[in-house]
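Peer 1: Take a look at this one; I'll ask things after.
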Amino acid sequence: MFGRGFEQLNGERFLLKQEGRVERWPSHMQPWMAPWTRKGSRQETCHAGGCDRRLSSDEVSSTAQRLIATLAPLVQAFDAQNERHVEPIAPKLKSAEVSWPTSLSPSLLASRGDEVLGLDRVTGRGALLRLVGAAHAGVSEFVLKGLEGEILGAAWDNAGLVLTLAGGAIAECVGLPAHGAWSCLRSAVAPALPSGLASAVVGRDATGKFRAAVVYDGDDSVTLLDLLSEAAAWLPAGEVHVPGTKSLSHAPQLSLTSLAQELLIATADGAVHRRPLMLGGGVSEKVAAAAPAGSAKKWHTACSFG
């Protein structure tokens with residue numbers, strides 16, 4: 001009490017605490033001051049073994065100003081880099097002379113090696129052809145049997161054709177068409193996809209597991225789903241943003257390469273984006289630019305080739 005009273009008259013801590021520290025036997029440093037004391041504007045609080053210096057409000061303001069001055073050039077450099085970013089130019093499309101059967105207007109495509117399959121998503125009619133350079137050799141027509149409902153997507157691999165129907169059901173067409181017909185059955189392994197689909201495609205990866213890419217009604221991104229056999233349910237596996245889809249009236253059309261290694265996203269303006277789906281993934285790449293404004297062409301879908 002005497003010390004506190006003395007400090008009120010002569011200045012804080014000048015009675016019990018001298019500047020610095022003193023060495024007390026057996027040769028360790030100790031302050032003269034009790035833990036609750038501090039020295040004025042320096043905000044120096046003493047503890048059993050020393051003093052901790054804390055910034056005053058003036059020092060905090062000064063330090064913040066120096067930090068802002070140091071970081072401002074970095075922020076400006078990052079902003080300038082973003083402004084200079086230019087989307088890479090997609091390669092120019094090459095045309096191939098393909099003559100589909102007169103009774104077929106394909107609105108879905110699937111490929112396997114150098115073979116291309118075209119389907120009418122409503123009638124189930126289709127044709128197989130083999131592309132050789134910029135031409136094709138031979139056309140084989142067929143009709144899908146055993147299906148009910150519109151076809152949303154198709155993926156083709158060595159085991160056969162995997163179809164995604166409008167209600168979310170998955171159908172498998174084993175092998176190849178025979179005598180103009182390709183028999184299809186609802187998959188006994190893959191359950192139906194969630195409802196509310198605007199666009200969807202399902203395929204098999206190299207291990208035989210099913211993988212799906214879907215666009216839900218009202219969404220402008222693609223949701224990736226994987227089917228785990230032990231869970232027997234579709235589980236989210238990622239999401240792919242598609243630039244420019246908000247301004248389009250139709251959902252993008254989806255296609256999977258053989259063994260579901262890549263996802264192709266075709267938008268209604270003719271642009272095509274490619275996204276790797278292998279382990280580690282990657283970034284989306286535009287492989288075809290949008291058609292010029294006012295183009296009379298109607299873009300239905302896309303598939304890989306080769």
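Each chain in the structure tokens gets a letter, A, B, ..., in the order shown, and its residues are numbered from 1; ligands are numbered from 1 in order too.
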Running DSSP on the backbone, which parts of segment 164-293 of chain A land in strand (DSSP E), as number ranges by chain?

Peer 2: A: 164-165, 170-174, 181-183, 185-186, 197-204, 210-216, 221-228, 233-241, 253-256, 262-266, 272-276, 285-288

Peer 1: Step one, run DSSP on the backbone; step two, keep only residues of segment 68-262 of chain A assigned to helix (DSSP H, G or I); then write them as a PyMOL selection string.

Peer 2: chain A and resi 68-83+258-260

Peer 1: For the residues in the current selection, export C-alpha atoms as a compact mmCIF listing (two decimals), in the first residue's frame.

Peer 2:
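Generated file (selection_8.txt):
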# COMPACT_ATOMS: atom_id res chain seq x y z
CA ILE A 68 -0.11 -1.29 -46.08
CA ALA A 69 2.68 0.55 -47.86
CA THR A 70 4.60 -2.73 -48.23
CA LEU A 71 1.68 -4.87 -49.47
CA ALA A 72 0.07 -2.31 -51.81
CA PRO A 73 2.54 -2.91 -54.70
CA LEU A 74 1.96 -6.68 -54.46
CA VAL A 75 -1.83 -6.25 -54.67
CA GLN A 76 -1.48 -3.96 -57.68
CA ALA A 77 0.82 -6.46 -59.41
CA PHE A 78 -1.70 -9.31 -58.94
CA ASP A 79 -4.56 -7.14 -60.23
CA ALA A 80 -2.56 -6.19 -63.31
CA GLN A 81 -1.76 -9.86 -63.97
CA ASN A 82 -5.46 -10.78 -63.83
CA GLU A 83 -6.35 -7.95 -66.21
CA SER A 258 -14.09 -44.40 -73.73
CA LEU A 259 -13.28 -45.60 -70.18
CA ALA A 260 -14.57 -42.25 -68.83

Peer 1: Counting only C-alpha atoms, what is within 12 Å of Ala233 of chain A, bar same-chain residues fewer than 6 positions away, as JSON, numbers by chain?

Peer 2: {"A": [189, 190, 191, 192, 193, 194, 210, 211, 212, 225, 226, 227]}

Peer 1: Of the candidates A:Ser140, A:Ser107, A:Ser61, A:Ser183, which one gets nearest to Leu254 of chain A if we count only C-alpha atoms?

Peer 2: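 Closest candidate: A:Ser107.
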
Peer 1: Which residue out of A:Leu277, A:Ala169, A:Val122, A:Val202 has the minimum interatomic distance to Arg186 of chain A when only C-alpha atoms are used?

Peer 2: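 Nearest to Arg186 of chain A: A:Ala169.
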
Peer 1: For Leu104 of chain A, find every residue with an atom within 10 Å (counting only C-alpha atoms), except residues of its own chain fewer than 6 positions away, and show them as a ChimeraX atom specification.

Peer 2: /A:118-120,123-127,141

Peer 1: Just how far from atom CA of Lys209 of chain A is atom CA of Leu228 of chain A, in Å to one decimal?

Peer 2: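 The value is 7.5 Å.
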
Peer 1: Give me, please, the distance in Å between atom CA of Arg112 of chain A and atom CA of Asn158 of chain A, quoted to one decimal.

Peer 2: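 Separating atom CA of Arg112 of chain A from atom CA of Asn158 of chain A is a distance of 7.8 Å.
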
Peer 1: As a tab-separated table (two decimals) with all heavy atoms, in the first residue's frame, please: the residues near segment 171-181 of chain A (cut-off 8 Å, only C-alpha atoms, same-chain neighbours under 2 positions excluded).

Peer 2:
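Below is the file part_8.tsv, written as the result:
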chain	number	residue	atom	x	y	z
A	140	SER	N	-23.62	-48.55	-90.81
A	140	SER	CA	-24.47	-49.65	-90.38
A	140	SER	C	-25.61	-49.09	-89.52
A	140	SER	O	-25.37	-48.51	-88.46
A	140	SER	CB	-23.66	-50.67	-89.57
A	140	SER	OG	-24.48	-51.68	-89.05
A	141	GLU	N	-26.84	-49.23	-90.01
A	141	GLU	CA	-27.99	-48.71	-89.28
A	141	GLU	C	-28.51	-49.73	-88.27
A	141	GLU	O	-28.35	-50.94	-88.44
A	141	GLU	CB	-29.12	-48.34	-90.25
A	141	GLU	CG	-28.78	-47.24	-91.22
A	141	GLU	CD	-29.98	-46.86	-92.07
A	141	GLU	OE1	-31.01	-46.42	-91.48
A	141	GLU	OE2	-29.91	-47.01	-93.31
A	142	PHE	N	-29.17	-49.22	-87.23
A	142	PHE	CA	-29.76	-50.10	-86.21
A	142	PHE	C	-30.85	-49.34	-85.47
A	142	PHE	O	-31.00	-48.12	-85.59
A	142	PHE	CB	-28.69	-50.58	-85.22
A	142	PHE	CG	-28.03	-49.47	-84.44
A	142	PHE	CD1	-28.59	-49.00	-83.25
A	142	PHE	CD2	-26.87	-48.87	-84.90
A	142	PHE	CE1	-28.00	-47.97	-82.54
A	142	PHE	CE2	-26.27	-47.84	-84.19
A	142	PHE	CZ	-26.83	-47.39	-83.02
A	143	VAL	N	-31.58	-50.10	-84.67
A	143	VAL	CA	-32.61	-49.54	-83.79
A	143	VAL	C	-32.39	-50.12	-82.39
A	143	VAL	O	-32.20	-51.33	-82.24
A	143	VAL	CB	-34.04	-49.87	-84.28
A	143	VAL	CG1	-35.07	-49.33	-83.29
A	143	VAL	CG2	-34.28	-49.30	-85.66
A	144	LEU	N	-32.41	-49.27	-81.39
A	144	LEU	CA	-32.27	-49.71	-80.00
A	144	LEU	C	-33.58	-50.34	-79.54
A	144	LEU	O	-34.66	-49.77	-79.73
A	144	LEU	CB	-31.90	-48.54	-79.10
A	144	LEU	CG	-30.56	-47.85	-79.38
A	144	LEU	CD1	-30.39	-46.63	-78.48
A	144	LEU	CD2	-29.40	-48.82	-79.19
A	145	LYS	N	-33.51	-51.51	-78.93
A	145	LYS	CA	-34.68	-52.23	-78.46
A	145	LYS	C	-34.68	-52.32	-76.94
A	145	LYS	O	-33.64	-52.45	-76.30
A	145	LYS	CB	-34.70	-53.65	-79.04
A	145	LYS	CG	-34.77	-53.70	-80.56
A	145	LYS	CD	-36.11	-53.18	-81.08
A	145	LYS	CE	-36.22	-53.36	-82.59
A	145	LYS	NZ	-37.53	-52.90	-83.12
A	147	LEU	N	-35.99	-50.01	-74.74
A	147	LEU	CA	-35.87	-48.75	-74.03
A	147	LEU	C	-37.22	-48.05	-73.92
A	147	LEU	O	-38.09	-48.19	-74.78
A	147	LEU	CB	-34.90	-47.81	-74.75
A	147	LEU	CG	-33.45	-48.27	-74.86
A	147	LEU	CD1	-32.63	-47.22	-75.60
A	147	LEU	CD2	-32.85	-48.55	-73.49
A	158	ASN	N	-15.67	-51.06	-74.94
A	158	ASN	CA	-15.53	-52.39	-75.51
A	158	ASN	C	-16.62	-53.36	-75.05
A	158	ASN	O	-16.90	-54.35	-75.73
A	158	ASN	CB	-14.16	-52.98	-75.15
A	158	ASN	CG	-13.03	-52.24	-75.84
A	158	ASN	OD1	-13.21	-51.69	-76.93
A	158	ASN	ND2	-11.86	-52.20	-75.21
A	159	ALA	N	-17.24	-53.07	-73.89
A	159	ALA	CA	-18.29	-53.95	-73.40
A	159	ALA	C	-19.63	-53.66	-74.05
A	159	ALA	O	-20.53	-54.50	-74.04
A	159	ALA	CB	-18.41	-53.83	-71.88
A	160	GLY	N	-19.79	-52.46	-74.61
A	160	GLY	CA	-21.05	-52.10	-75.23
A	160	GLY	C	-21.41	-50.66	-74.98
A	160	GLY	O	-20.55	-49.81	-74.70
A	161	LEU	N	-22.69	-50.38	-75.07
A	161	LEU	CA	-23.21	-49.02	-74.96
A	161	LEU	C	-23.89	-48.82	-73.61
A	161	LEU	O	-24.64	-49.68	-73.16
A	161	LEU	CB	-24.21	-48.78	-76.09
A	161	LEU	CG	-24.68	-47.36	-76.37
A	161	LEU	CD1	-23.52	-46.46	-76.79
A	161	LEU	CD2	-25.76	-47.38	-77.46
A	162	VAL	N	-23.60	-47.70	-72.96
A	162	VAL	CA	-24.25	-47.34	-71.70
A	162	VAL	C	-25.10	-46.10	-71.97
A	162	VAL	O	-24.59	-45.07	-72.42
A	162	VAL	CB	-23.23	-47.04	-70.58
A	162	VAL	CG1	-23.95	-46.66	-69.29
A	162	VAL	CG2	-22.34	-48.25	-70.34
A	163	LEU	N	-26.40	-46.22	-71.72
A	163	LEU	CA	-27.34	-45.13	-72.01
A	163	LEU	C	-27.92	-44.56	-70.72
A	163	LEU	O	-28.20	-45.30	-69.77
A	163	LEU	CB	-28.48	-45.65	-72.89
A	163	LEU	CG	-28.08	-46.23	-74.25
A	163	LEU	CD1	-29.30	-46.82	-74.95
A	163	LEU	CD2	-27.41	-45.19	-75.12
A	164	THR	N	-28.10	-43.25	-70.71
A	164	THR	CA	-28.75	-42.56	-69.60
A	164	THR	C	-30.10	-42.05	-70.09
A	164	THR	O	-30.16	-41.28	-71.06
A	164	THR	CB	-27.90	-41.39	-69.10
A	164	THR	OG1	-26.58	-41.85	-68.82
A	164	THR	CG2	-28.50	-40.79	-67.84
A	165	LEU	N	-31.18	-42.47	-69.45
A	165	LEU	CA	-32.53	-42.10	-69.87
A	165	LEU	C	-33.02	-40.88	-69.10
A	165	LEU	O	-32.50	-40.53	-68.03
A	165	LEU	CB	-33.47	-43.28	-69.68
A	165	LEU	CG	-33.04	-44.57	-70.39
A	165	LEU	CD1	-34.09	-45.67	-70.18
A	165	LEU	CD2	-32.79	-44.34	-71.86
A	169	ALA	N	-32.78	-43.44	-65.26
A	169	ALA	CA	-32.45	-44.87	-65.34
A	169	ALA	C	-31.24	-45.09	-66.24
A	169	ALA	O	-31.01	-44.33	-67.19
A	169	ALA	CB	-33.64	-45.66	-65.86
A	183	SER	N	-30.14	-54.86	-78.67
A	183	SER	CA	-30.94	-55.11	-77.47
A	183	SER	C	-30.34	-54.42	-76.25
A	183	SER	O	-29.13	-54.50	-76.01
A	183	SER	CB	-31.06	-56.61	-77.21
A	183	SER	OG	-31.69	-57.25	-78.29
A	184	CYS	N	-31.19	-53.77	-75.50
A	184	CYS	CA	-30.75	-53.03	-74.30
A	184	CYS	C	-31.61	-53.45	-73.11
A	184	CYS	O	-32.80	-53.71	-73.24
A	184	CYS	CB	-30.88	-51.52	-74.51
A	184	CYS	SG	-30.00	-50.90	-75.97
A	185	LEU	N	-31.00	-53.49	-71.95
A	185	LEU	CA	-31.69	-53.82	-70.71
A	185	LEU	C	-31.31	-52.80	-69.64
A	185	LEU	O	-30.21	-52.25	-69.66
A	185	LEU	CB	-31.31	-55.22	-70.22
A	185	LEU	CG	-31.72	-56.40	-71.09
A	185	LEU	CD1	-31.11	-57.69	-70.54
A	185	LEU	CD2	-33.24	-56.50	-71.17
A	186	ARG	N	-32.24	-52.58	-68.74
A	186	ARG	CA	-31.93	-51.70	-67.61
A	186	ARG	C	-30.81	-52.31	-66.78
A	186	ARG	O	-30.83	-53.53	-66.50
A	186	ARG	CB	-33.17	-51.47	-66.76
A	186	ARG	CG	-32.92	-50.52	-65.60
A	186	ARG	CD	-34.20	-49.94	-65.06
A	186	ARG	NE	-33.94	-49.03	-63.96
A	186	ARG	CZ	-34.85	-48.22	-63.42
A	186	ARG	NH1	-36.08	-48.22	-63.92
A	186	ARG	NH2	-34.54	-47.43	-62.43
A	187	SER	N	-29.84	-51.49	-66.40
A	187	SER	CA	-28.67	-51.99	-65.68
A	187	SER	C	-29.06	-52.61	-64.35
A	187	SER	O	-29.85	-52.04	-63.58
A	187	SER	CB	-27.67	-50.85	-65.45
A	187	SER	OG	-26.58	-51.29	-64.67

Peer 1: Quick one: of A:Pro276, A:Pro106, A:Gly208, A:Gly146, who's nearest to Trp299 of chain A, counting only C-alpha atoms?

Peer 2: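 Looking only at the distances to Trp299 of chain A, the closest residue turns out to be A:Pro106.
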
Peer 1: Mind checking which residues fall within 10 Å of Ser111 of chain A, counting only C-alpha atoms, ignoring those fewer than 3 positions away in the same chain, and posting them as a ChimeraX atom specification?

Peer 2: /A:114-118,128-130,154-157,255-258,302-306

Peer 1: For N, CA, C and O atoms, I'd like the residues from the last selection saved as a PDB file, in the first residue's frame.

Peer 2:
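Writing done, so here's again-v8.pdb:
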ATOM      1  N   ASP A 114     -11.732 -45.218 -83.681  1.00  0.00           N
ATOM      2  CA  ASP A 114     -12.041 -44.470 -84.889  1.00  0.00           C
ATOM      3  C   ASP A 114     -13.475 -44.729 -85.356  1.00  0.00           C
ATOM      4  O   ASP A 114     -13.838 -44.416 -86.498  1.00  0.00           O
ATOM      5  N   GLU A 115     -14.299 -45.296 -84.487  1.00  0.00           N
ATOM      6  CA  GLU A 115     -15.704 -45.533 -84.805  1.00  0.00           C
ATOM      7  C   GLU A 115     -16.578 -44.500 -84.104  1.00  0.00           C
ATOM      8  O   GLU A 115     -16.324 -44.133 -82.953  1.00  0.00           O
ATOM      9  N   VAL A 116     -17.606 -44.042 -84.800  1.00  0.00           N
ATOM     10  CA  VAL A 116     -18.532 -43.048 -84.261  1.00  0.00           C
ATOM     11  C   VAL A 116     -19.943 -43.593 -84.367  1.00  0.00           C
ATOM     12  O   VAL A 116     -20.319 -44.214 -85.370  1.00  0.00           O
ATOM     13  N   LEU A 117     -20.709 -43.329 -83.323  1.00  0.00           N
ATOM     14  CA  LEU A 117     -22.089 -43.792 -83.242  1.00  0.00           C
ATOM     15  C   LEU A 117     -22.989 -42.559 -83.123  1.00  0.00           C
ATOM     16  O   LEU A 117     -22.768 -41.687 -82.276  1.00  0.00           O
ATOM     17  N   GLY A 118     -23.991 -42.481 -83.994  1.00  0.00           N
ATOM     18  CA  GLY A 118     -24.967 -41.400 -83.933  1.00  0.00           C
ATOM     19  C   GLY A 118     -26.325 -41.934 -83.548  1.00  0.00           C
ATOM     20  O   GLY A 118     -26.760 -42.984 -84.035  1.00  0.00           O
ATOM     21  N   LEU A 128     -23.801 -46.691 -87.109  1.00  0.00           N
ATOM     22  CA  LEU A 128     -22.377 -46.810 -86.813  1.00  0.00           C
ATOM     23  C   LEU A 128     -21.595 -46.514 -88.087  1.00  0.00           C
ATOM     24  O   LEU A 128     -21.969 -46.952 -89.176  1.00  0.00           O
ATOM     25  N   LEU A 129     -20.512 -45.774 -87.929  1.00  0.00           N
ATOM     26  CA  LEU A 129     -19.631 -45.549 -89.073  1.00  0.00           C
ATOM     27  C   LEU A 129     -18.194 -45.456 -88.585  1.00  0.00           C
ATOM     28  O   LEU A 129     -17.929 -45.152 -87.417  1.00  0.00           O
ATOM     29  N   ARG A 130     -17.285 -45.717 -89.487  1.00  0.00           N
ATOM     30  CA  ARG A 130     -15.853 -45.680 -89.170  1.00  0.00           C
ATOM     31  C   ARG A 130     -15.233 -44.552 -89.983  1.00  0.00           C
ATOM     32  O   ARG A 130     -15.351 -44.516 -91.208  1.00  0.00           O
ATOM     33  N   ALA A 154     -25.010 -40.992 -73.950  1.00  0.00           N
ATOM     34  CA  ALA A 154     -24.526 -42.302 -74.372  1.00  0.00           C
ATOM     35  C   ALA A 154     -23.011 -42.358 -74.240  1.00  0.00           C
ATOM     36  O   ALA A 154     -22.320 -41.384 -74.561  1.00  0.00           O
ATOM     37  N   ALA A 155     -22.497 -43.473 -73.764  1.00  0.00           N
ATOM     38  CA  ALA A 155     -21.057 -43.715 -73.662  1.00  0.00           C
ATOM     39  C   ALA A 155     -20.784 -45.114 -74.220  1.00  0.00           C
ATOM     40  O   ALA A 155     -21.504 -46.072 -73.908  1.00  0.00           O
ATOM     41  N   TRP A 156     -19.722 -45.237 -75.016  1.00  0.00           N
ATOM     42  CA  TRP A 156     -19.449 -46.479 -75.745  1.00  0.00           C
ATOM     43  C   TRP A 156     -18.070 -46.986 -75.378  1.00  0.00           C
ATOM     44  O   TRP A 156     -17.079 -46.243 -75.450  1.00  0.00           O
ATOM     45  N   ASP A 157     -17.988 -48.253 -74.961  1.00  0.00           N
ATOM     46  CA  ASP A 157     -16.703 -48.875 -74.669  1.00  0.00           C
ATOM     47  C   ASP A 157     -16.692 -50.286 -75.236  1.00  0.00           C
ATOM     48  O   ASP A 157     -17.613 -50.694 -75.951  1.00  0.00           O
ATOM     49  N   SER A 255     -20.676 -35.620 -72.743  1.00  0.00           N
ATOM     50  CA  SER A 255     -20.184 -36.831 -73.390  1.00  0.00           C
ATOM     51  C   SER A 255     -18.944 -37.308 -72.667  1.00  0.00           C
ATOM     52  O   SER A 255     -18.111 -36.496 -72.235  1.00  0.00           O
ATOM     53  N   LEU A 256     -18.810 -38.619 -72.527  1.00  0.00           N
ATOM     54  CA  LEU A 256     -17.632 -39.222 -71.902  1.00  0.00           C
ATOM     55  C   LEU A 256     -16.834 -39.979 -72.952  1.00  0.00           C
ATOM     56  O   LEU A 256     -17.404 -40.658 -73.803  1.00  0.00           O
ATOM     57  N   THR A 257     -15.516 -39.864 -72.872  1.00  0.00           N
ATOM     58  CA  THR A 257     -14.675 -40.660 -73.749  1.00  0.00           C
ATOM     59  C   THR A 257     -14.687 -42.113 -73.282  1.00  0.00           C
ATOM     60  O   THR A 257     -15.184 -42.438 -72.199  1.00  0.00           O
ATOM     61  N   SER A 258     -14.159 -42.995 -74.102  1.00  0.00           N
ATOM     62  CA  SER A 258     -14.086 -44.396 -73.726  1.00  0.00           C
ATOM     63  C   SER A 258     -13.313 -44.549 -72.420  1.00  0.00           C
ATOM     64  O   SER A 258     -12.283 -43.902 -72.214  1.00  0.00           O
ATOM     65  N   ALA A 302     -21.235 -33.356 -78.872  1.00  0.00           N
ATOM     66  CA  ALA A 302     -19.845 -33.552 -79.290  1.00  0.00           C
ATOM     67  C   ALA A 302     -19.343 -34.864 -78.713  1.00  0.00           C
ATOM     68  O   ALA A 302     -19.854 -35.351 -77.699  1.00  0.00           O
ATOM     69  N   CYS A 303     -18.340 -35.436 -79.363  1.00  0.00           N
ATOM     70  CA  CYS A 303     -17.689 -36.636 -78.824  1.00  0.00           C
ATOM     71  C   CYS A 303     -16.232 -36.594 -79.266  1.00  0.00           C
ATOM     72  O   CYS A 303     -15.862 -35.841 -80.165  1.00  0.00           O
ATOM     73  N   SER A 304     -15.394 -37.385 -78.603  1.00  0.00           N
ATOM     74  CA  SER A 304     -13.987 -37.453 -78.960  1.00  0.00           C
ATOM     75  C   SER A 304     -13.828 -38.358 -80.175  1.00  0.00           C
ATOM     76  O   SER A 304     -14.715 -39.128 -80.529  1.00  0.00           O
ATOM     77  N   PHE A 305     -12.651 -38.268 -80.793  1.00  0.00           N
ATOM     78  CA  PHE A 305     -12.383 -39.100 -81.952  1.00  0.00           C
ATOM     79  C   PHE A 305     -10.911 -39.472 -81.972  1.00  0.00           C
ATOM     80  O   PHE A 305     -10.044 -38.625 -81.784  1.00  0.00           O
ATOM     81  N   GLY A 306     -10.614 -40.758 -82.188  1.00  0.00           N
ATOM     82  CA  GLY A 306      -9.239 -41.185 -82.277  1.00  0.00           C
ATOM     83  C   GLY A 306      -8.709 -41.732 -80.965  1.00  0.00           C
ATOM     84  O   GLY A 306      -9.392 -41.767 -79.976  1.00  0.00           O
TER      85      GLY A 306
END

Peer 1: Between atom CA of Thr267 of chain A and atom CA of Arg121 of chain A, what distance in Å does the model show, to one decimal?

Peer 2: 17.1 Å
